[in-house]
>>> print(open('query-v5.txt').read())   # compact mmCIF, C-alpha atoms
# COMPACT_ATOMS: atom_id res chain seq x y z
CA VAL A 944 0.00 0.00 0.00
CA GLN A 945 2.89 2.34 0.74
CA GLY A 946 4.44 1.69 -2.71
CA ARG A 947 4.89 4.46 -5.26
CA LEU A 948 4.86 4.86 -9.04
CA SER A 949 7.88 6.35 -10.79
CA ASP A 950 6.47 9.88 -10.38
CA GLY A 951 5.95 9.39 -6.67
CA ARG A 952 2.20 8.78 -6.77
CA THR A 953 0.69 6.46 -4.15
CA VAL A 954 -2.57 4.54 -4.17
CA ALA A 955 -4.10 7.53 -2.35
CA HIS A 956 -3.19 9.79 -5.28
CA SER A 957 -4.76 7.33 -7.73
CA ALA A 958 -7.93 7.09 -5.65
CA ALA A 959 -8.14 10.89 -5.67
CA ILE A 960 -7.73 11.10 -9.46
CA PHE A 961 -10.67 8.79 -10.07
CA GLY A 962 -12.81 9.89 -7.13
CA ARG A 963 -12.76 6.42 -5.54
CA LEU A 964 -13.89 7.04 -1.97
CA GLU A 965 -14.12 3.34 -1.10
CA VAL A 966 -10.52 2.73 -2.15
CA LEU A 967 -9.25 5.67 -0.13
CA LYS A 968 -11.15 4.53 2.95
CA ILE A 969 -9.95 0.92 2.65
CA VAL A 970 -6.26 1.75 2.29
CA TYR A 971 -6.47 4.32 5.10
CA GLU A 972 -8.11 1.87 7.50
CA TRP A 973 -5.70 -0.88 6.49
CA GLU A 974 -2.68 1.28 7.25
CA GLU A 975 -4.17 2.54 10.53
CA THR A 976 -4.79 -1.07 11.59
CA ARG A 977 -1.15 -1.93 10.93
CA GLN A 978 0.13 1.08 12.89
CA ALA A 979 -1.66 4.10 14.34
CA GLY A 980 -0.92 7.21 12.30
CA GLN A 981 0.31 5.31 9.25
CA GLY A 982 -2.93 5.88 7.35
CA LYS A 983 -2.60 9.63 7.90
CA ASP A 984 1.00 9.47 6.72
CA LEU A 985 -0.18 7.78 3.51
CA LEU A 986 -2.81 10.45 2.83
CA GLY A 987 -0.28 13.20 3.48
CA LYS A 988 2.38 11.91 1.08
CA VAL A 989 3.30 14.08 -1.90
CA ASP A 990 4.45 13.01 -5.36
CA LYS A 991 7.63 14.24 -7.04
CA ASP A 992 6.02 17.63 -7.76
CA GLY A 993 4.70 18.09 -4.23
CA TRP A 994 1.09 17.21 -5.05
CA THR A 995 -1.05 15.66 -2.32
CA CYS A 996 -4.18 13.62 -3.03
CA LEU A 997 -6.10 16.90 -2.61
CA HIS A 998 -4.20 18.51 -5.51
CA TRP A 999 -5.07 15.56 -7.72
CA ALA A 1000 -8.74 15.56 -6.69
CA ALA A 1001 -8.94 19.28 -7.42
CA ASP A 1002 -7.43 18.94 -10.88
CA ALA A 1003 -9.50 15.89 -11.83
CA SER A 1004 -12.83 17.13 -10.45
CA ALA A 1005 -13.89 18.91 -13.64
CA GLY A 1006 -12.82 15.96 -15.80
CA GLY A 1007 -9.71 17.58 -17.17
CA LEU A 1008 -6.36 17.01 -15.52
CA SER A 1009 -5.28 20.24 -17.13
CA LEU A 1010 -1.84 20.34 -15.53
CA ARG A 1011 -0.63 16.77 -15.38
CA SER A 1012 -0.66 15.30 -18.89
CA ASP A 1013 1.05 12.10 -17.72
CA ALA A 1014 -2.26 10.88 -16.25
CA ASN A 1015 -4.58 12.64 -18.68
CA TYR A 1016 -4.87 9.74 -21.11
CA VAL A 1017 -5.63 7.25 -18.36
CA LEU A 1018 -8.34 9.43 -16.86
CA LYS A 1019 -10.06 10.03 -20.19
CA LYS A 1020 -10.21 6.31 -20.88
CA ALA A 1021 -11.52 5.43 -17.45
CA LYS A 1022 -15.19 5.22 -16.59
CA ARG A 1023 -16.18 8.49 -14.94
CA THR A 1024 -17.57 8.55 -11.43
CA ASP A 1025 -20.50 10.72 -10.37
CA GLU A 1026 -19.84 14.44 -10.66
CA ASP A 1027 -19.46 15.22 -6.95
CA SER A 1028 -17.30 12.21 -6.07
CA HIS A 1029 -14.11 14.29 -5.89
CA ALA A 1030 -15.73 16.79 -3.52
CA ARG A 1031 -16.93 13.95 -1.31
CA LEU A 1032 -13.45 12.43 -1.42
CA VAL A 1033 -12.04 15.74 -0.13
CA ASP A 1034 -14.58 15.63 2.72
CA LEU A 1035 -13.54 12.07 3.56
CA ALA A 1036 -9.81 12.77 3.39
CA CYS A 1037 -10.09 15.87 5.57
CA SER A 1038 -12.19 14.01 8.15
CA MET A 1039 -9.42 11.41 8.37
CA MET A 1040 -6.79 14.16 8.74
CA LYS A 1041 -8.75 16.29 11.21
CA ASP A 1042 -5.76 16.62 13.54
CA ARG A 1043 -3.44 17.75 10.71
CA PRO A 1044 -4.72 21.12 9.43
CA ASN A 1045 -1.57 21.69 7.38
CA PHE A 1046 -2.82 18.92 5.10
CA LEU A 1047 -4.95 21.54 3.33
CA LEU A 1048 -2.11 24.04 3.15
CA GLU A 1049 0.47 21.86 1.41
CA GLN A 1050 2.12 23.70 -1.50
CA GLU A 1051 3.64 22.08 -4.57
CA LYS A 1052 7.42 22.28 -4.84
CA THR A 1053 8.07 24.65 -7.74
CA LYS A 1054 4.97 26.79 -8.33
CA GLY A 1055 3.83 26.86 -4.72
CA ARG A 1056 0.16 26.22 -5.38
CA THR A 1057 -2.20 24.68 -2.84
CA ALA A 1058 -5.07 22.40 -3.79
CA LEU A 1059 -7.31 25.48 -3.67
CA HIS A 1060 -5.16 27.23 -6.28
CA ILE A 1061 -5.69 24.23 -8.58
CA ALA A 1062 -9.40 23.95 -7.80
CA THR A 1063 -10.28 27.61 -8.41
CA ARG A 1064 -8.69 27.52 -11.85
CA TYR A 1065 -9.39 23.99 -13.09
CA GLY A 1066 -11.67 22.20 -10.62
CA SER A 1067 -15.41 22.01 -10.08
CA ASP A 1068 -17.34 24.55 -8.00
CA ASP A 1069 -18.34 21.74 -5.62
CA LEU A 1070 -14.68 20.89 -5.08
CA VAL A 1071 -13.81 24.51 -4.30
CA LEU A 1072 -16.61 24.70 -1.75
CA ALA A 1073 -15.53 21.40 -0.17
CA LEU A 1074 -12.00 22.70 0.34
CA LEU A 1075 -13.29 25.95 1.86
CA LYS A 1076 -15.75 24.28 4.23
CA ASN A 1077 -13.18 21.76 5.41
CA ALA A 1078 -10.64 24.53 5.98
CA GLU A 1079 -13.22 26.36 8.08
CA ALA A 1080 -13.85 23.15 10.05
CA PHE A 1081 -10.13 23.03 10.86
CA GLY A 1082 -10.49 26.58 12.19
CA LYS A 1083 -10.78 30.17 11.01
CA ASP A 1084 -6.99 30.51 10.97
CA THR A 1085 -6.67 27.58 8.56
CA LEU A 1086 -9.35 29.04 6.29
CA GLN A 1087 -7.68 32.44 6.16
CA LYS A 1088 -4.27 30.89 5.53
CA LEU A 1089 -5.70 28.83 2.67
CA LEU A 1090 -7.35 31.87 1.09
CA ARG A 1091 -4.30 34.10 1.60
CA THR A 1092 -1.49 31.70 0.73
CA PRO A 1093 0.29 33.04 -2.36
CA SER A 1094 1.77 30.85 -5.04
CA ALA A 1095 5.40 31.29 -6.10
CA ASP A 1096 4.34 34.10 -8.45
CA GLY A 1097 2.35 35.86 -5.71
CA GLN A 1098 -1.16 34.86 -6.79
CA PHE A 1099 -3.99 33.95 -4.44
CA PRO A 1100 -6.46 31.14 -5.21
CA ALA A 1101 -8.95 33.86 -6.24
CA HIS A 1102 -6.74 34.88 -9.16
CA GLY A 1103 -7.28 31.50 -10.83
CA ALA A 1104 -11.05 31.86 -10.67
CA ALA A 1105 -10.85 35.46 -11.84
CA SER A 1106 -8.69 34.67 -14.84
CA LYS A 1107 -11.24 32.06 -15.95
CA GLY A 1108 -14.24 34.33 -15.33
CA ARG A 1109 -15.63 31.93 -12.71
CA THR A 1110 -18.01 34.24 -10.89
CA LYS A 1111 -19.68 31.47 -8.86
CA THR A 1112 -16.31 30.44 -7.45
CA LEU A 1113 -15.40 34.07 -6.69
CA LYS A 1114 -18.67 34.47 -4.81
CA SER A 1115 -17.85 31.39 -2.71
CA LEU A 1116 -14.42 32.79 -1.90
CA TYR A 1117 -15.92 36.16 -1.00
CA LYS A 1118 -18.66 34.68 1.21
CA MET A 1119 -16.21 32.44 3.07
CA GLY A 1120 -13.29 34.84 3.39
CA GLY A 1121 -14.59 38.36 2.79
CA ILE A 1122 -13.01 40.97 0.56
CA GLU A 1123 -9.53 40.04 1.86
CA ALA A 1124 -9.77 36.80 -0.09
CA LEU A 1125 -10.01 38.79 -3.33
CA LEU A 1126 -7.28 41.36 -2.80
CA PRO A 1127 -3.83 40.98 -4.40
CA LEU A 1128 -0.87 40.32 -2.13
CA ASP A 1129 1.08 43.27 -3.47
CA ALA A 1130 0.92 45.93 -6.15
CA GLY A 1131 2.93 43.76 -8.53
CA VAL A 1132 0.03 41.34 -8.98
CA HIS A 1133 -3.05 42.36 -10.97
CA SER A 1134 -6.18 42.53 -8.88
CA CYS A 1135 -8.22 39.37 -9.34
CA LEU A 1136 -11.34 41.54 -9.46
CA PHE A 1137 -9.92 43.30 -12.50
CA GLU A 1138 -9.14 39.93 -14.08
CA ALA A 1139 -12.69 38.78 -13.41
CA LEU A 1140 -14.20 41.86 -14.99
CA VAL A 1141 -12.03 41.40 -18.07
CA SER A 1142 -12.96 37.71 -18.35
CA VAL A 1143 -16.67 38.39 -17.91
CA TRP A 1144 -16.59 41.29 -20.35
CA GLN A 1145 -14.79 39.19 -22.99
CA ALA A 1146 -17.22 36.28 -22.72
CA PRO A 1147 -19.82 36.20 -25.54
CA GLY A 1148 -23.16 37.56 -24.36
CA ALA A 1149 -21.87 38.12 -20.85
CA SER A 1150 -23.02 40.86 -18.53
CA SER A 1151 -20.72 43.84 -18.20
CA CYS A 1152 -20.79 43.76 -14.39
CA LEU A 1153 -19.87 41.32 -11.68
CA CYS A 1154 -21.94 41.18 -8.49
CA LEU A 1155 -20.46 39.21 -5.61
CA THR A 1156 -23.29 39.73 -3.12
CA SER A 1157 -26.26 38.39 -5.07
>>> encode(input="query-v5.txt", output="structure tokens")
Amino acid sequence: VQGRLSDGRTVAHSAAIFGRLEVLKIVYEWEETRQAGQGKDLLGKVDKDGWTCLHWAADASAGGLSLRSDANYVLKKAKRTDEDSHARLVDLACSMMKDRPNFLLEQEKTKGRTALHIATRYGSDDLVLALLKNAEAFGKDTLQKLLRTPSADGQFPAHGAASKGRTKTLKSLYKMGGIEALLPLDAGVHSCLFEALVSVWQAPGASSCLCLTS
């Protein structure tokens, strides 16, 4: 169970890619039975790029695997699970790791993105909300850290949603974290609100305004 593929992926990563909750639960319980804490260690392992199972679930949740082409072919050929399986897998994984809040804050090695960075740009809205709610369950400090953790290029998770014109995701970020979740870290990074307005304005037939409170 603790074995890895050549890119460092474990069975927990594979379960996350395909949204297999039963597999994740079985391997976790098996490892915990062998030695207390070993199941948590398995869920917390990162691959060669620093991705946890949460990063993989976030990227796969919208059916794409936009960033990791090495698994893209396999995912497309596989039978898809129900649409919210990845969000439910995040709920399950976080419940198992309830005493390890840093699980949600893990950043990949080179680009410094958390699972929320991946989810807001490429994942499903349900997955984004699952990450936010679980972060809040860990505590307000964990939620604020997740919302305000910059990537290596200084972008917040909100920038990903803004650049894609994902107003529903931006509203979720705003409602969970307030206006601070939408502000840039420094003047060198374009405001994600500006990016959102540009994306919405460029979309065919889109409204010219963005309302976050409706």
>>> residues_around(input="query-v5.txt", residues="Thr1057 (chain A)", least_positions_apart="5", cutoff="9 Å", atoms="all atoms listed in the file", output="number ranges by chain")
A: 994, 997-998, 1047-1051, 1062, 1089, 1092-1094, 1100
>>> atom_distance(input="query-v5.txt", atom1="CA of Ala1073 (chain A)", atom2="CA of Ala1030 (chain A)")
5.7 Å
>>> atom_distance(input="query-v5.txt", atom1="CA of Asp1034 (chain A)", atom2="CA of Ser949 (chain A)")
27.8 Å
>>> atom_distance(input="query-v5.txt", atom1="CA of Ala1003 (chain A)", atom2="CA of Ile960 (chain A)")
5.6 Å
>>> residues_near_point(input="query-v5.txt", point="(-9.8, 32.1, 6.5)", cutoff="7 Å", atoms="all atoms listed in the file", output="PyMOL selection string")
chain A and resi 1079+1083-1090+1120
>>> write_last_selection(input="query-v5.txt", atoms="C-alpha atoms", output="tab-separated table (two decimals), in the frame of the given file")
chain	number	residue	atom	x	y	z
A	1079	GLU	CA	-13.22	26.36	8.08
A	1083	LYS	CA	-10.78	30.17	11.01
A	1084	ASP	CA	-6.99	30.51	10.97
A	1085	THR	CA	-6.67	27.58	8.56
A	1086	LEU	CA	-9.35	29.04	6.29
A	1087	GLN	CA	-7.68	32.44	6.16
A	1088	LYS	CA	-4.27	30.89	5.53
A	1089	LEU	CA	-5.70	28.83	2.67
A	1090	LEU	CA	-7.35	31.87	1.09
A	1120	GLY	CA	-13.29	34.84	3.39
>>> closest_atom_pairs(input="query-v5.txt", of="region 1010-1123 of chain A", to="region 982-989 of chain A", cutoff="8 Å", atoms="only C-alpha atoms", output="Markdown table")
| residue | atom | partner | partner_atom | distance |
| --- | --- | --- | --- | --- |
| A:Ala1036 | CA | A:Leu986 | CA | 7.4 |
| A:Met1039 | CA | A:Lys983 | CA | 7.1 |
| A:Met1040 | CA | A:Lys983 | CA | 6.2 |
| A:Phe1046 | CA | A:Gly987 | CA | 6.5 |
>>> residues_near_point(input="query-v5.txt", point="(-12.9, 14.4, -4.4)", cutoff="9 Å", atoms="only C-alpha atoms", output="ChimeraX atom specification")
/A:958-964,996-997,999-1001,1003-1004,1027-1036,1070,1073
>>> residues_around(input="query-v5.txt", residues="Asp950 (chain A)", least_positions_apart="4", cutoff="10 Å", atoms="only C-alpha atoms", output="compact mmCIF listing (two decimals) with C-alpha atoms, in the coordinates of the input")
# COMPACT_ATOMS: atom_id res chain seq x y z
CA VAL A 989 3.30 14.08 -1.90
CA ASP A 990 4.45 13.01 -5.36
CA LYS A 991 7.63 14.24 -7.04
CA ASP A 992 6.02 17.63 -7.76
CA ASP A 1013 1.05 12.10 -17.72
>>> closest_residue(input="query-v5.txt", among="A:Ile969, A:Leu1113, A:Val954, A:Leu1125", to="Thr1063 (chain A)", atoms="only C-alpha atoms")
A:Leu1113
